[in-house]
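Report on the structure given below.
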Amino acid sequence: MQLKPGFILREVCGQKVIVAEGLGAVDFGKLLSLNDTAAFLWQKAQEGDFTAEGLAEAMCQQFDIDQATAFADVKEIIDKWQQLGLIQ
């Protein structure tokens, strides 16, 4: 999987949000607020092709969390990103 181009992570008023740039902003029309974990995963996903397993592993290395919990959390976030059209 890859993140669609045109969406960037910004900090706005102390909140981490994903915003659309350019013409994508017309269709997206809103901010997507992320907690620290989701922002960490977004940054990892920006590195290129990613999988749920790879993001879960990165999450385990960064946070004190077991693999099953990390994978479930990553899957939930990826599903949300897919629903919002942020992944191709």
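Order determines the names: the first chain of the structure tokens is A, the second B, and so forth; residues in each chain are numbered 1 upward, and ligands are numbered 1 upward as they are shown.
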message = I'd like the neighbourhood of A:Ile77 as a list in words, where a residue qualifies if any of its atoms comes within 9 Å (using only C-alpha atoms), though same-chain residues fewer than 5 positions away should be ignored.
response =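 Here the qualifying residues turn out to be Ala38, Leu41, Ala72 and Gln82 of chain A.
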Chain A: residues DSSP assigns to strand (DSSP E or B), reported as a VMD selection string:
chain A and resid 3 7 to 12 15 to 20 32 to 34 87
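Minimum atom-to-atom distances from A:Lys80, A:Val12, A:Leu3, A:Asp66 to A:Gln43 were compared using only C-alpha atoms, and the lowest value belongs to A:Leu3.
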Atom pair atom CA of A:Glu21 + atom CA of A:Glu76, distance 24.7 Å
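Once A:Ala39 and its same-chain neighbours fewer than 4 positions away are set aside, Ile8, Leu9, Arg10, Glu11, Gln15, Lys16, Val17, Ile18, Leu32, Ser33, Leu34, Asn35, Gln43, Lys44, Ala45, Gln46, Leu55, Met59, Val74 and Ile77 of chain A remain within 12 Å of it when counting only C-alpha atoms.
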Between A:Cys13, A:Ala52, A:Ala70, A:Ala20, which has the minimum distance to A:Leu86 (counting only C-alpha atoms)?
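So, comparing all the options, the nearest one is A:Ala20.
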(request) Just give me the gap between atom CA of A:Asp73 and atom CA of A:Phe7 in Å, one decimal is fine. (result)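 Separation of atom CA of A:Asp73 and atom CA of A:Phe7: 21.4 Å.
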In terms of only C-alpha atoms, the residue from A:Ile78, A:Thr51, A:Ile87, A:Thr37 at minimal distance from A:Asp64 is A:Thr37
*asked:* I need the alpha helix (DSSP H) residues of chain A per DSSP on the backbone, written as a ChimeraX atom specification.
replied: /A:24-28,36-45,52-62,67-83
Nearest to A:Gln2, restricted to only C-alpha atoms and choosing among A:Trp81, A:Gly14, A:Gln88, A:Ala56, comes out as A:Gln88
*asked:* Please compute the atom CA of A:Trp42-atom CA of A:Lys4 distance, one decimal, in Å.
replied: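 Here the two named atoms are 11.6 Å from each other.
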- Query: Pick from A:Asp79, A:Met1, A:Asp36, A:Phe63: nearest to A:Phe50, with only C-alpha atoms counted?
  - Reply: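 Among A:Asp79, A:Met1, A:Asp36, A:Phe63, it is A:Met1 that comes nearest to A:Phe50.
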